[in-house]
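What's in run-v6.txt: compact mmCIF, C-alpha atoms
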# COMPACT_ATOMS: atom_id res chain seq x y z
CA MET A 1 0.00 0.00 0.00
CA ASN A 2 1.14 3.54 -0.74
CA PRO A 3 2.89 4.87 2.44
CA ALA A 4 1.00 8.14 2.01
CA CYS A 5 -2.30 6.26 2.00
CA ALA A 6 -1.19 4.31 5.09
CA GLU A 7 -0.21 7.54 6.83
CA ALA A 8 -3.61 9.09 6.06
CA ALA A 9 -5.36 6.02 7.46
CA ALA A 10 -3.21 6.10 10.65
CA ALA A 11 -3.98 9.79 11.18
CA LYS A 12 -7.68 9.10 10.76
CA LYS A 13 -7.53 6.26 13.35
CA SER A 14 -5.65 8.49 15.77
CA ARG A 15 -8.26 11.26 15.47
CA HIS A 16 -11.03 8.70 16.04
CA LYS A 17 -9.24 7.39 19.17
CA ASP A 18 -8.79 10.93 20.59
CA LYS A 19 -12.46 11.65 19.95
CA LYS A 20 -13.46 8.45 21.78
CA GLU A 21 -11.25 9.27 24.79
CA LYS A 22 -12.65 12.82 25.04
CA LYS A 23 -16.20 11.49 24.87
CA SER A 24 -15.39 8.96 27.62
CA LYS A 25 -13.96 11.72 29.86
CA ARG A 26 -17.03 13.90 29.34
CA LYS A 27 -19.23 10.96 30.30
CA GLU A 28 -17.25 10.31 33.53
CA THR A 29 -17.43 13.99 34.50
CA ALA A 30 -21.18 14.08 33.99
CA GLU A 31 -21.72 10.92 36.03
CA HIS A 32 -19.55 11.99 38.97
CA LEU A 33 -20.47 15.58 39.66
CA GLY A 34 -17.81 16.93 42.03
CA GLY A 35 -16.71 13.36 42.83
CA GLU A 36 -19.99 12.68 44.65
CA PRO A 37 -22.28 9.77 43.69
CA ALA A 38 -25.11 11.01 41.48
CA THR A 39 -28.61 11.17 42.94
CA ALA A 40 -31.57 9.54 41.17
CA GLU A 41 -32.75 13.00 40.04
CA GLU A 42 -29.30 13.89 38.68
CA GLU A 43 -29.12 10.54 36.89
CA ALA A 44 -32.49 11.19 35.26
CA VAL A 45 -31.36 14.65 34.11
CA HIS A 46 -28.11 13.19 32.81
CA LYS A 47 -29.95 10.44 30.91
CA LYS A 48 -32.29 13.03 29.39
CA LYS A 49 -29.35 15.19 28.30
CA LYS A 50 -27.53 12.16 26.93
CA LYS A 51 -30.59 11.12 24.91
CA LYS A 52 -31.04 14.64 23.57
CA HIS A 53 -27.35 14.83 22.63
CA ALA A 54 -27.57 11.46 20.83
CA GLU A 55 -30.65 12.64 18.92
CA GLU A 56 -28.88 15.86 17.92
CA GLU A 57 -25.82 13.91 16.78
CA GLU A 58 -28.01 11.60 14.72
CA LYS A 59 -29.77 14.63 13.18
CA ALA A 60 -26.49 16.36 12.38
CA ASP A 61 -24.95 13.21 10.96
CA PRO A 62 -27.78 11.27 9.26
CA LYS A 63 -27.44 8.21 7.02
CA ARG A 64 -25.41 10.32 4.72
CA ARG A 65 -23.29 8.34 2.34
CA PRO A 66 -19.76 9.67 1.83
CA THR A 67 -19.42 12.01 -1.14
CA VAL A 68 -17.12 11.49 -4.11
CA SER A 69 -15.91 14.48 -6.14
CA ILE A 70 -13.85 14.51 -9.30
CA ALA A 71 -11.67 17.33 -10.61
CA VAL A 72 -11.16 17.64 -14.37
CA ALA A 73 -8.85 20.05 -16.22
CA GLY A 74 -10.78 22.34 -18.59
CA SER A 75 -7.87 22.18 -21.02
CA VAL A 76 -9.20 18.82 -22.30
CA ILE A 77 -11.80 20.84 -24.23
CA ASP A 78 -9.11 22.98 -25.89
CA ASN A 79 -7.84 19.87 -27.66
CA ALA A 80 -11.21 19.26 -29.39
CA GLN A 81 -11.10 20.21 -33.07
CA SER A 82 -14.63 21.56 -33.35
CA LEU A 83 -17.57 22.72 -31.25
CA GLU A 84 -19.36 19.46 -32.02
CA LEU A 85 -16.45 17.31 -30.79
CA ALA A 86 -16.03 19.50 -27.68
CA THR A 87 -19.73 19.02 -26.90
CA LEU A 88 -19.50 15.25 -27.36
CA LEU A 89 -16.48 15.15 -25.02
CA ALA A 90 -18.40 17.10 -22.34
CA GLY A 91 -21.28 14.65 -22.77
CA GLN A 92 -18.98 11.67 -22.16
CA ILE A 93 -17.68 13.25 -18.94
CA ALA A 94 -21.24 13.90 -17.74
CA ARG A 95 -22.30 10.32 -18.51
CA ALA A 96 -19.29 8.87 -16.65
CA ALA A 97 -20.10 11.03 -13.60
CA ALA A 98 -23.75 9.93 -13.58
CA VAL A 99 -22.99 6.24 -14.10
CA PHE A 100 -20.58 6.21 -11.14
CA ARG A 101 -22.80 8.40 -8.91
CA ILE A 102 -20.35 11.30 -8.63
CA ASP A 103 -21.56 14.05 -6.28
CA GLU A 104 -19.47 16.95 -7.54
CA ILE A 105 -17.48 17.78 -10.68
CA VAL A 106 -14.87 20.51 -10.27
CA VAL A 107 -13.59 21.94 -13.55
CA PHE A 108 -10.31 23.80 -13.18
CA ASP A 109 -8.43 26.16 -15.47
CA SER A 110 -4.71 25.97 -16.05
CA SER A 111 -4.23 29.18 -17.99
CA PRO A 112 -3.79 32.33 -15.84
CA ALA A 113 -5.54 34.40 -18.55
CA ALA A 114 -8.76 32.47 -17.91
CA GLU A 115 -8.88 33.82 -14.36
CA ASN A 116 -9.39 37.37 -15.64
CA GLY A 117 -12.65 36.60 -17.43
CA GLY A 118 -11.37 36.26 -20.98
CA GLY A 119 -10.41 39.89 -21.75
CA ALA A 120 -11.42 41.41 -25.08
CA GLU A 121 -12.77 38.22 -26.57
CA GLU A 122 -15.32 37.81 -23.83
CA GLU A 123 -17.64 35.85 -26.11
CA GLU A 124 -15.04 33.10 -26.46
CA GLU A 125 -15.34 30.91 -23.38
CA SER A 126 -12.31 29.12 -21.98
CA GLY A 127 -12.44 25.34 -22.23
CA ALA A 128 -13.19 25.15 -18.50
CA ARG A 129 -16.13 27.60 -18.68
CA PHE A 130 -17.52 25.74 -21.71
CA LEU A 131 -17.29 22.42 -19.87
CA VAL A 132 -19.03 23.85 -16.80
CA ARG A 133 -21.88 25.16 -18.98
CA ILE A 134 -22.51 21.84 -20.75
CA LEU A 135 -22.19 19.75 -17.55
CA GLU A 136 -24.73 21.96 -15.74
CA TYR A 137 -27.10 21.80 -18.71
CA LEU A 138 -26.99 18.00 -18.92
CA GLU A 139 -27.47 17.53 -15.16
CA THR A 140 -30.66 19.64 -15.22
CA PRO A 141 -33.92 17.72 -15.89
CA GLN A 142 -35.11 18.33 -19.46
CA TYR A 143 -38.37 20.03 -18.44
CA LEU A 144 -36.44 22.78 -16.58
CA ARG A 145 -33.78 23.60 -19.15
CA ARG A 146 -35.75 26.17 -21.16
CA ARG A 147 -36.48 28.22 -18.03
CA LEU A 148 -33.00 27.96 -16.50
CA PHE A 149 -30.72 28.23 -19.54
CA PRO A 150 -31.02 31.12 -22.01
CA MET A 151 -30.08 30.41 -25.62
CA HIS A 152 -26.33 30.25 -26.19
CA LYS A 153 -24.22 29.42 -29.23
CA ASN A 154 -22.34 26.72 -27.31
CA PHE A 155 -25.58 24.74 -26.93
CA LYS A 156 -25.71 24.19 -30.70
CA TYR A 157 -24.92 20.45 -30.53
CA VAL A 158 -26.35 19.45 -27.12
CA GLY A 159 -29.25 17.76 -28.91
CA LEU A 160 -26.79 15.11 -30.12
CA LEU A 161 -25.87 14.04 -26.59
CA PRO A 162 -27.39 10.98 -24.90
CA PRO A 163 -29.44 11.92 -21.80
CA LEU A 164 -28.05 11.16 -18.34
CA ASP A 165 -31.33 9.41 -17.48
CA ALA A 166 -30.55 9.90 -13.77
CA PRO A 167 -33.28 9.25 -11.15
CA HIS A 168 -34.00 12.99 -10.73
CA HIS A 169 -34.82 13.26 -14.45
CA VAL A 170 -38.37 12.13 -13.75
CA ARG A 171 -40.70 11.74 -16.71
CA LYS A 172 -44.02 13.56 -16.93
CA HIS A 173 -46.14 10.42 -16.45
CA GLU A 174 -44.09 9.17 -13.46
CA TRP A 175 -44.70 9.97 -9.81
CA SER A 176 -41.74 10.51 -7.52
CA GLU A 177 -41.58 11.46 -3.84
CA PHE A 178 -39.21 14.26 -4.84
CA ARG A 179 -39.00 16.35 -7.99
CA GLU A 180 -36.75 19.13 -9.20
CA GLY A 181 -38.56 22.32 -10.08
CA VAL A 182 -38.16 26.00 -10.90
CA THR A 183 -39.97 28.76 -9.00
CA LEU A 184 -42.47 30.92 -10.89
CA GLY A 185 -43.75 34.49 -10.45
CA GLY A 186 -47.24 35.51 -9.32
CA ASP A 187 -49.10 35.92 -6.04
CA ARG A 188 -46.92 35.05 -3.02
CA SER A 189 -49.62 35.35 -0.36
CA LYS A 190 -49.99 31.58 0.09
CA GLY A 191 -46.52 30.48 -0.97
CA THR A 192 -44.68 30.00 -4.27
CA LEU A 193 -45.77 28.23 -7.43
CA VAL A 194 -43.22 25.75 -8.79
CA ASP A 195 -43.01 24.07 -12.19
CA VAL A 196 -42.04 20.45 -11.45
CA GLY A 197 -42.66 19.09 -14.94
CA LEU A 198 -46.21 17.80 -14.31
CA SER A 199 -49.52 18.77 -15.90
CA GLN A 200 -50.01 21.43 -13.20
CA ASN A 201 -47.67 23.64 -11.19
CA VAL A 202 -47.54 22.90 -7.46
CA LEU A 203 -47.67 25.25 -4.49
CA VAL A 204 -44.91 25.23 -1.85
CA GLU A 205 -45.21 26.94 1.54
CA GLN A 206 -41.90 28.84 1.36
CA ILE A 207 -41.53 32.21 -0.38
CA VAL A 208 -38.74 31.78 -2.95
CA GLU A 209 -37.67 34.29 -5.59
CA GLN A 210 -38.59 33.58 -9.19
CA GLY A 211 -36.34 31.51 -11.43
CA LYS A 212 -34.65 29.45 -8.71
CA ARG A 213 -34.13 25.70 -9.05
CA VAL A 214 -35.48 23.85 -6.01
CA THR A 215 -36.10 20.30 -4.80
CA VAL A 216 -39.75 19.72 -3.84
CA ALA A 217 -40.95 16.98 -1.49
CA MET A 218 -44.00 15.64 -3.38
CA GLY A 219 -44.88 12.83 -0.95
CA THR A 220 -47.45 10.22 -1.97
CA ASN A 221 -50.49 12.51 -2.29
CA ARG A 222 -51.02 13.04 -6.03
CA ASP A 223 -53.31 16.03 -5.60
CA LEU A 224 -51.76 18.86 -7.64
CA THR A 225 -54.25 21.58 -6.68
CA PRO A 226 -53.19 24.52 -4.43
CA ALA A 227 -55.12 22.81 -1.61
CA CYS A 228 -52.16 20.44 -1.23
CA VAL A 229 -49.24 22.62 -0.14
CA ARG A 230 -45.79 21.09 -0.42
CA LYS A 231 -42.31 21.97 0.86
CA VAL A 232 -38.96 22.89 -0.65
CA VAL A 233 -36.28 20.65 0.87
CA PRO A 234 -32.45 20.46 0.64
CA GLN A 235 -31.19 18.84 -2.55
CA SER A 236 -29.55 16.14 -0.45
CA SER A 237 -32.94 14.92 0.92
CA PRO A 238 -33.69 12.37 -1.85
CA SER A 239 -30.26 10.74 -1.38
CA GLU A 240 -30.55 10.68 2.41
CA GLU A 241 -34.16 9.48 2.58
CA MET A 242 -34.43 7.18 -0.44
CA GLY A 243 -30.78 6.37 -1.23
CA SER A 244 -31.31 7.66 -4.77
CA TYR A 245 -28.58 9.29 -6.78
CA TRP A 246 -29.73 12.89 -7.31
CA GLY A 247 -27.22 14.26 -9.77
CA TYR A 248 -23.93 16.10 -9.44
CA LYS A 249 -23.05 19.69 -8.62
CA VAL A 250 -20.63 21.59 -10.85
CA ARG A 251 -17.99 23.98 -9.56
CA TYR A 252 -15.43 26.11 -11.42
CA ALA A 253 -11.91 26.64 -10.01
CA SER A 254 -9.35 29.00 -11.52
CA ASN A 255 -6.50 26.61 -10.72
CA LEU A 256 -5.68 23.29 -9.06
CA SER A 257 -5.17 24.76 -5.59
CA GLY A 258 -8.65 26.32 -5.86
CA VAL A 259 -10.08 22.83 -6.39
CA ILE A 260 -8.71 21.70 -3.02
CA ASN A 261 -8.94 24.88 -0.94
CA ASP A 262 -12.41 26.06 -2.00
CA SER A 263 -14.26 22.87 -1.14
CA PRO A 264 -18.01 23.44 -0.61
CA TYR A 265 -17.87 21.11 2.40
CA LYS A 266 -17.29 22.83 5.74
CA GLU A 267 -14.64 20.29 6.78
CA GLY A 268 -13.05 20.17 3.31
CA TYR A 269 -11.98 17.02 1.48
CA ASP A 270 -10.58 14.53 3.97
CA HIS A 271 -8.88 12.37 1.33
CA ILE A 272 -7.40 13.49 -2.00
CA ILE A 273 -6.15 11.26 -4.81
CA GLY A 274 -4.27 12.25 -7.95
CA THR A 275 -4.23 10.06 -11.07
CA SER A 276 -1.29 9.91 -13.48
CA GLU A 277 0.77 7.47 -15.52
CA HIS A 278 3.64 8.56 -13.23
CA GLY A 279 1.74 7.53 -10.11
CA GLU A 280 2.25 4.40 -8.01
CA THR A 281 0.76 1.18 -9.34
CA ILE A 282 -1.47 -0.67 -6.87
CA ILE A 283 -3.99 -3.36 -7.82
CA SER A 284 -7.52 -2.18 -7.06
CA SER A 285 -8.19 -5.13 -4.74
CA GLU A 286 -5.10 -4.21 -2.67
CA LEU A 287 -5.78 -0.46 -2.42
CA ILE A 288 -6.93 0.48 1.08
CA LEU A 289 -8.56 3.90 1.41
CA PRO A 290 -9.13 5.42 4.86
CA SER A 291 -12.77 5.93 5.81
CA PHE A 292 -13.78 9.36 4.51
CA ARG A 293 -16.66 11.83 4.38
CA HIS A 294 -15.56 13.69 1.24
CA LEU A 295 -13.21 12.09 -1.30
CA LEU A 296 -11.66 14.03 -4.20
CA ILE A 297 -10.13 12.30 -7.25
CA ALA A 298 -8.21 14.59 -9.64
CA PHE A 299 -7.55 14.09 -13.35
CA GLY A 300 -5.01 16.15 -15.27
CA GLY A 301 -5.25 17.84 -18.66
CA LEU A 302 -3.26 17.20 -21.81
CA ALA A 303 0.08 17.28 -19.98
CA GLY A 304 -1.17 15.70 -16.76
CA LEU A 305 -1.47 16.97 -13.20
CA GLU A 306 2.26 17.72 -13.07
CA GLU A 307 1.80 20.63 -15.48
CA SER A 308 -1.23 21.91 -13.55
CA ILE A 309 0.88 21.96 -10.37
CA GLU A 310 3.74 23.80 -12.12
CA GLU A 311 1.39 26.46 -13.53
CA ASP A 312 -0.34 27.10 -10.21
CA PRO A 313 1.36 30.02 -8.38
CA ASN A 314 -0.01 28.74 -5.07
CA LEU A 315 1.81 25.43 -5.47
CA ASN A 316 5.28 26.78 -6.22
CA GLY A 317 8.05 24.31 -5.46
CA LYS A 318 5.63 21.46 -4.74
CA GLY A 319 5.63 18.08 -6.43
CA ALA A 320 2.71 15.79 -7.16
CA ASN A 321 3.33 13.74 -4.01
CA ASP A 322 3.24 16.92 -1.89
CA VAL A 323 -0.18 17.90 -3.25
CA PHE A 324 -1.74 14.42 -3.34
CA PRO A 325 -1.38 12.01 -0.37
CA CYS A 326 -2.18 9.23 -2.87
CA TYR A 327 -0.82 9.52 -6.41
CA LEU A 328 -1.86 6.50 -8.44
CA ASN A 329 -1.55 5.00 -11.89
CA THR A 330 -4.94 3.37 -12.45
CA CYS A 331 -4.10 2.00 -15.90
CA PRO A 332 -0.59 0.49 -15.91
CA ASN A 333 0.92 -1.19 -18.99
CA GLN A 334 -1.14 0.98 -21.35
CA GLY A 335 -0.80 0.13 -25.04
CA SER A 336 -1.24 3.73 -26.20
CA ARG A 337 1.16 6.58 -25.45
CA THR A 338 -1.77 8.63 -24.13
CA ILE A 339 -5.03 7.94 -22.38
CA ARG A 340 -7.70 10.54 -23.09
CA THR A 341 -9.49 12.12 -20.12
CA GLU A 342 -12.86 10.60 -21.02
CA GLU A 343 -11.16 7.17 -21.12
CA ALA A 344 -9.24 7.81 -17.88
CA LEU A 345 -12.48 8.73 -16.10
CA LEU A 346 -14.20 5.45 -16.96
CA ILE A 347 -11.10 3.35 -16.21
CA SER A 348 -10.32 5.10 -12.92
CA LEU A 349 -13.84 5.37 -11.55
CA GLN A 350 -14.30 1.64 -12.10
CA TYR A 351 -10.89 1.02 -10.48
CA PHE A 352 -11.96 2.97 -7.36
CA GLN A 353 -15.40 1.33 -6.98
CA ASP A 354 -14.31 -1.54 -4.74
CA PRO A 355 -11.86 0.45 -2.55
CA ILE A 356 -14.57 3.11 -2.00
CA ARG A 357 -17.10 0.42 -1.06
CA ARG A 358 -14.66 -1.13 1.42
CA ALA A 359 -13.82 2.26 2.96
CA GLY A 360 -17.56 2.90 3.41
CA MET A 361 -18.04 -0.45 5.18
CA ALA A 362 -15.11 0.27 7.52
CA SER A 363 -16.43 3.68 8.63

Output the file's structure in the form of structure tokens.
Amino acid sequence: MNPACAEAAAAKKSRHKDKKEKKSKRKETAEHLGGEPATAEEEAVHKKKKKKHAEEEEKADPKRRPTVSIAVAGSVIDNAQSLELATLLAGQIARAAAVFRIDEIVVFDSSPAAENGGGAEEEEESGARFLVRILEYLETPQYLRRRLFPMHKNFKYVGLLPPLDAPHHVRKHEWSEFREGVTLGGDRSKGTLVDVGLSQNVLVEQIVEQGKRVTVAMGTNRDLTPACVRKVVPQSSPSEEMGSYWGYKVRYASNLSGVINDSPYKEGYDHIIGTSEHGETIISSELILPSFRHLLIAFGGLAGLEESIEEDPNLNGKGANDVFPCYLNTCPNQGSRTIRTEEALLISLQYFQDPIRRAGMAS
């Protein structure tokens, strides 16, 4: 096993042990107030507090499955020879993410010029911005796209792409306990009307500004009239309550360090993996990942992650092994000089399936 991976696992175990010891000390203090034996009344209060604390912990940390994010260099689009081929490439990346239930795709730029918004040729999007646009479009259910995405020249070939057909892309004739919708204008006295792709708009109790994408808890009552008021819920609710995959989020980062440092998760990514032909070769069945809450797997551009590290001013003087605790070659003995990003995604995400499953069972 990669020593860096082993070190990460040991650190995780150590943190878990410290947490357990602190919890044990707190428990002893509560049970022996001032060193005196606790009275029956004090015991009852302590039990009540303990129960409440357990309930709060369960609420704060529900049956949430660990998240898996991937980072992709936007420069892969720059290598496409036409708008049509660039669109097809973006579609392949989106399909790979949906098939392997990826929670977040981070698209990062390598070129410093891209950070400044494109300069005079503002109409020409960088490869990263183009990729973000197409990925967001494909993740959105078809019935919401017209309202959420204004016409744009870079959507010219999206009609050629196969749909993601993810569980949140619910068809008009199907009933689902949750649906994605977009808020509409009109009278707000009783709530907000939402288009959820059914024959009628539904009413939700919250007041939400027009044009926002929301997740609506539909329940089992199929009454679509305003008499049945529904609720807007967090987008994570379908995954937590039904175990369904509910699409990926897309984030843009101006460079590789932005991918890691600007994580949307409060505690950040607790395990980061880089993929490269220069990485260490470990058979998938022998790879041991530490238990994690938020895993990030990074894929380089045309010249690999090494170039992205060199071009990032925030990573001056650092090597790949400094940035990535695990740096792996997921496709050793390749027969071609190069593996394209869309190929690397499918190969690598399949390679990581079993190690991720085992890490989830261990946590």

key: Spatial neighbours of Ala253 of chain A, max dist 9 Å, only C-alpha atoms, sep filter under 3 positions, as a PyMOL selection string   = chain A and resi 106-109+115+128+256-259+262

Between segment 215-290 of chain A and segment 135-147 of chain A, at 7 Å or less, what are the per-residue closest atom pairs and their distances in Å? Count only C-alpha atoms, order by chain and rising residue number, and return it as JSON lines.
{"residue": "A:Gly247", "atom": "CA", "partner": "A:Glu139", "partner_atom": "CA", "distance": 6.3}
{"residue": "A:Tyr248", "atom": "CA", "partner": "A:Glu139", "partner_atom": "CA", "distance": 6.9}
{"residue": "A:Val250", "atom": "CA", "partner": "A:Glu136", "partner_atom": "CA", "distance": 6.4}

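Within 12 Å of the point (-17.8, 23.2, 0.4), and counting only C-alpha atoms, the protein, DNA and RNA residues are Thr67, Ser69, Asp103, Glu104, Val106, Lys249, Val250, Arg251, Gly258, Val259, Ile260, Asn261, Asp262, Ser263, Pro264, Tyr265, Lys266, Glu267, Gly268, Tyr269, Asp270, His294 and Leu296 of chain A.
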
Please write the residues from the selection above to a file, keeping C-alpha atoms, as a compact mmCIF listing (two decimals), keeping the file's coordinate frame.
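Saved the output as again-v3.txt:
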# COMPACT_ATOMS: atom_id res chain seq x y z
CA THR A 67 -19.42 12.01 -1.14
CA SER A 69 -15.91 14.48 -6.14
CA ASP A 103 -21.56 14.05 -6.28
CA GLU A 104 -19.47 16.95 -7.54
CA VAL A 106 -14.87 20.51 -10.27
CA LYS A 249 -23.05 19.69 -8.62
CA VAL A 250 -20.63 21.59 -10.85
CA ARG A 251 -17.99 23.98 -9.56
CA GLY A 258 -8.65 26.32 -5.86
CA VAL A 259 -10.08 22.83 -6.39
CA ILE A 260 -8.71 21.70 -3.02
CA ASN A 261 -8.94 24.88 -0.94
CA ASP A 262 -12.41 26.06 -2.00
CA SER A 263 -14.26 22.87 -1.14
CA PRO A 264 -18.01 23.44 -0.61
CA TYR A 265 -17.87 21.11 2.40
CA LYS A 266 -17.29 22.83 5.74
CA GLU A 267 -14.64 20.29 6.78
CA GLY A 268 -13.05 20.17 3.31
CA TYR A 269 -11.98 17.02 1.48
CA ASP A 270 -10.58 14.53 3.97
CA HIS A 294 -15.56 13.69 1.24
CA LEU A 296 -11.66 14.03 -4.20

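The two atoms in question, atom CA of Phe178 of chain A and atom CA of Val229 of chain A, are spaced 13.9 Å apart.
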
key: Near-segment 156-169 of chain A list (7 Å; only C-alpha atoms; drop same-chain fewer than 3 positions) as a list in words   = Glu84, Thr87, Leu88, Gly91, Arg95, Ala98, Leu138, Pro141, Lys153, Arg179, Glu180, Ser244, Tyr245, Trp246 and Gly247 of chain A

Please reconstruct the missing atoms of segment 324-332 of chain A (target: all heavy atoms) and return them as a PDB file, in the coordinates of the input.
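Saved as rebuild06.pdb:
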ATOM      1  N   PHE A 324      -0.819  15.558  -3.453  1.00  0.00           N
ATOM      2  CA  PHE A 324      -1.740  14.420  -3.340  1.00  0.00           C
ATOM      3  C   PHE A 324      -1.178  13.350  -2.413  1.00  0.00           C
ATOM      4  O   PHE A 324      -0.137  12.743  -2.727  1.00  0.00           O
ATOM      5  CB  PHE A 324      -1.992  13.815  -4.724  1.00  0.00           C
ATOM      6  CG  PHE A 324      -2.604  14.773  -5.704  1.00  0.00           C
ATOM      7  CD1 PHE A 324      -1.819  15.383  -6.683  1.00  0.00           C
ATOM      8  CD2 PHE A 324      -3.952  15.080  -5.637  1.00  0.00           C
ATOM      9  CE1 PHE A 324      -2.376  16.275  -7.578  1.00  0.00           C
ATOM     10  CE2 PHE A 324      -4.518  15.978  -6.527  1.00  0.00           C
ATOM     11  CZ  PHE A 324      -3.729  16.580  -7.498  1.00  0.00           C
ATOM     12  N   PRO A 325      -1.824  13.086  -1.275  1.00  0.00           N
ATOM     13  CA  PRO A 325      -1.380  12.010  -0.370  1.00  0.00           C
ATOM     14  C   PRO A 325      -1.304  10.661  -1.077  1.00  0.00           C
ATOM     15  O   PRO A 325      -0.455   9.841  -0.768  1.00  0.00           O
ATOM     16  CB  PRO A 325      -2.450  11.995   0.724  1.00  0.00           C
ATOM     17  CG  PRO A 325      -3.083  13.338   0.672  1.00  0.00           C
ATOM     18  CD  PRO A 325      -3.007  13.779  -0.750  1.00  0.00           C
ATOM     19  N   CYS A 326      -2.217  10.448  -2.043  1.00  0.00           N
ATOM     20  CA  CYS A 326      -2.180   9.230  -2.870  1.00  0.00           C
ATOM     21  C   CYS A 326      -2.052   9.665  -4.327  1.00  0.00           C
ATOM     22  O   CYS A 326      -2.868  10.454  -4.800  1.00  0.00           O
ATOM     23  CB  CYS A 326      -3.454   8.421  -2.693  1.00  0.00           C
ATOM     24  SG  CYS A 326      -3.450   7.367  -1.253  1.00  0.00           S
ATOM     25  N   TYR A 327      -1.043   9.173  -5.002  1.00  0.00           N
ATOM     26  CA  TYR A 327      -0.820   9.520  -6.410  1.00  0.00           C
ATOM     27  C   TYR A 327      -0.701   8.202  -7.165  1.00  0.00           C
ATOM     28  O   TYR A 327       0.293   7.474  -7.023  1.00  0.00           O
ATOM     29  CB  TYR A 327       0.453  10.352  -6.525  1.00  0.00           C
ATOM     30  CG  TYR A 327       0.547  11.157  -7.800  1.00  0.00           C
ATOM     31  CD1 TYR A 327      -0.471  12.020  -8.180  1.00  0.00           C
ATOM     32  CD2 TYR A 327       1.672  11.064  -8.626  1.00  0.00           C
ATOM     33  CE1 TYR A 327      -0.387  12.767  -9.330  1.00  0.00           C
ATOM     34  CE2 TYR A 327       1.781  11.811  -9.786  1.00  0.00           C
ATOM     35  CZ  TYR A 327       0.739  12.669 -10.132  1.00  0.00           C
ATOM     36  OH  TYR A 327       0.820  13.418 -11.283  1.00  0.00           O
ATOM     37  N   LEU A 328      -1.735   7.866  -7.934  1.00  0.00           N
ATOM     38  CA  LEU A 328      -1.860   6.500  -8.440  1.00  0.00           C
ATOM     39  C   LEU A 328      -1.932   6.421  -9.956  1.00  0.00           C
ATOM     40  O   LEU A 328      -2.496   7.307 -10.613  1.00  0.00           O
ATOM     41  CB  LEU A 328      -3.115   5.847  -7.858  1.00  0.00           C
ATOM     42  CG  LEU A 328      -3.200   5.752  -6.329  1.00  0.00           C
ATOM     43  CD1 LEU A 328      -4.570   5.245  -5.912  1.00  0.00           C
ATOM     44  CD2 LEU A 328      -2.114   4.832  -5.789  1.00  0.00           C
ATOM     45  N   ASN A 329      -1.399   5.346 -10.484  1.00  0.00           N
ATOM     46  CA  ASN A 329      -1.550   5.000 -11.890  1.00  0.00           C
ATOM     47  C   ASN A 329      -2.632   3.920 -11.965  1.00  0.00           C
ATOM     48  O   ASN A 329      -2.404   2.780 -11.561  1.00  0.00           O
ATOM     49  CB  ASN A 329      -0.226   4.476 -12.458  1.00  0.00           C
ATOM     50  CG  ASN A 329      -0.335   4.091 -13.932  1.00  0.00           C
ATOM     51  OD1 ASN A 329      -1.391   4.223 -14.531  1.00  0.00           O
ATOM     52  ND2 ASN A 329       0.764   3.626 -14.505  1.00  0.00           N
ATOM     53  N   THR A 330      -3.811   4.310 -12.451  1.00  0.00           N
ATOM     54  CA  THR A 330      -4.940   3.370 -12.450  1.00  0.00           C
ATOM     55  C   THR A 330      -4.994   2.507 -13.712  1.00  0.00           C
ATOM     56  O   THR A 330      -5.829   1.625 -13.825  1.00  0.00           O
ATOM     57  CB  THR A 330      -6.276   4.133 -12.315  1.00  0.00           C
ATOM     58  OG1 THR A 330      -6.374   5.078 -13.396  1.00  0.00           O
ATOM     59  CG2 THR A 330      -6.348   4.885 -10.985  1.00  0.00           C
ATOM     60  N   CYS A 331      -4.105   2.796 -14.668  1.00  0.00           N
ATOM     61  CA  CYS A 331      -4.100   2.000 -15.900  1.00  0.00           C
ATOM     62  C   CYS A 331      -2.653   1.705 -16.321  1.00  0.00           C
ATOM     63  O   CYS A 331      -2.135   2.282 -17.288  1.00  0.00           O
ATOM     64  CB  CYS A 331      -4.832   2.739 -17.017  1.00  0.00           C
ATOM     65  SG  CYS A 331      -5.009   1.763 -18.517  1.00  0.00           S
ATOM     66  N   PRO A 332      -1.979   0.819 -15.568  1.00  0.00           N
ATOM     67  CA  PRO A 332      -0.590   0.490 -15.910  1.00  0.00           C
ATOM     68  C   PRO A 332      -0.519  -0.320 -17.207  1.00  0.00           C
ATOM     69  O   PRO A 332      -1.516  -0.867 -17.669  1.00  0.00           O
ATOM     70  CB  PRO A 332      -0.122  -0.330 -14.705  1.00  0.00           C
ATOM     71  CG  PRO A 332      -1.373  -0.913 -14.133  1.00  0.00           C
ATOM     72  CD  PRO A 332      -2.466   0.073 -14.409  1.00  0.00           C
TER      73      PRO A 332
END
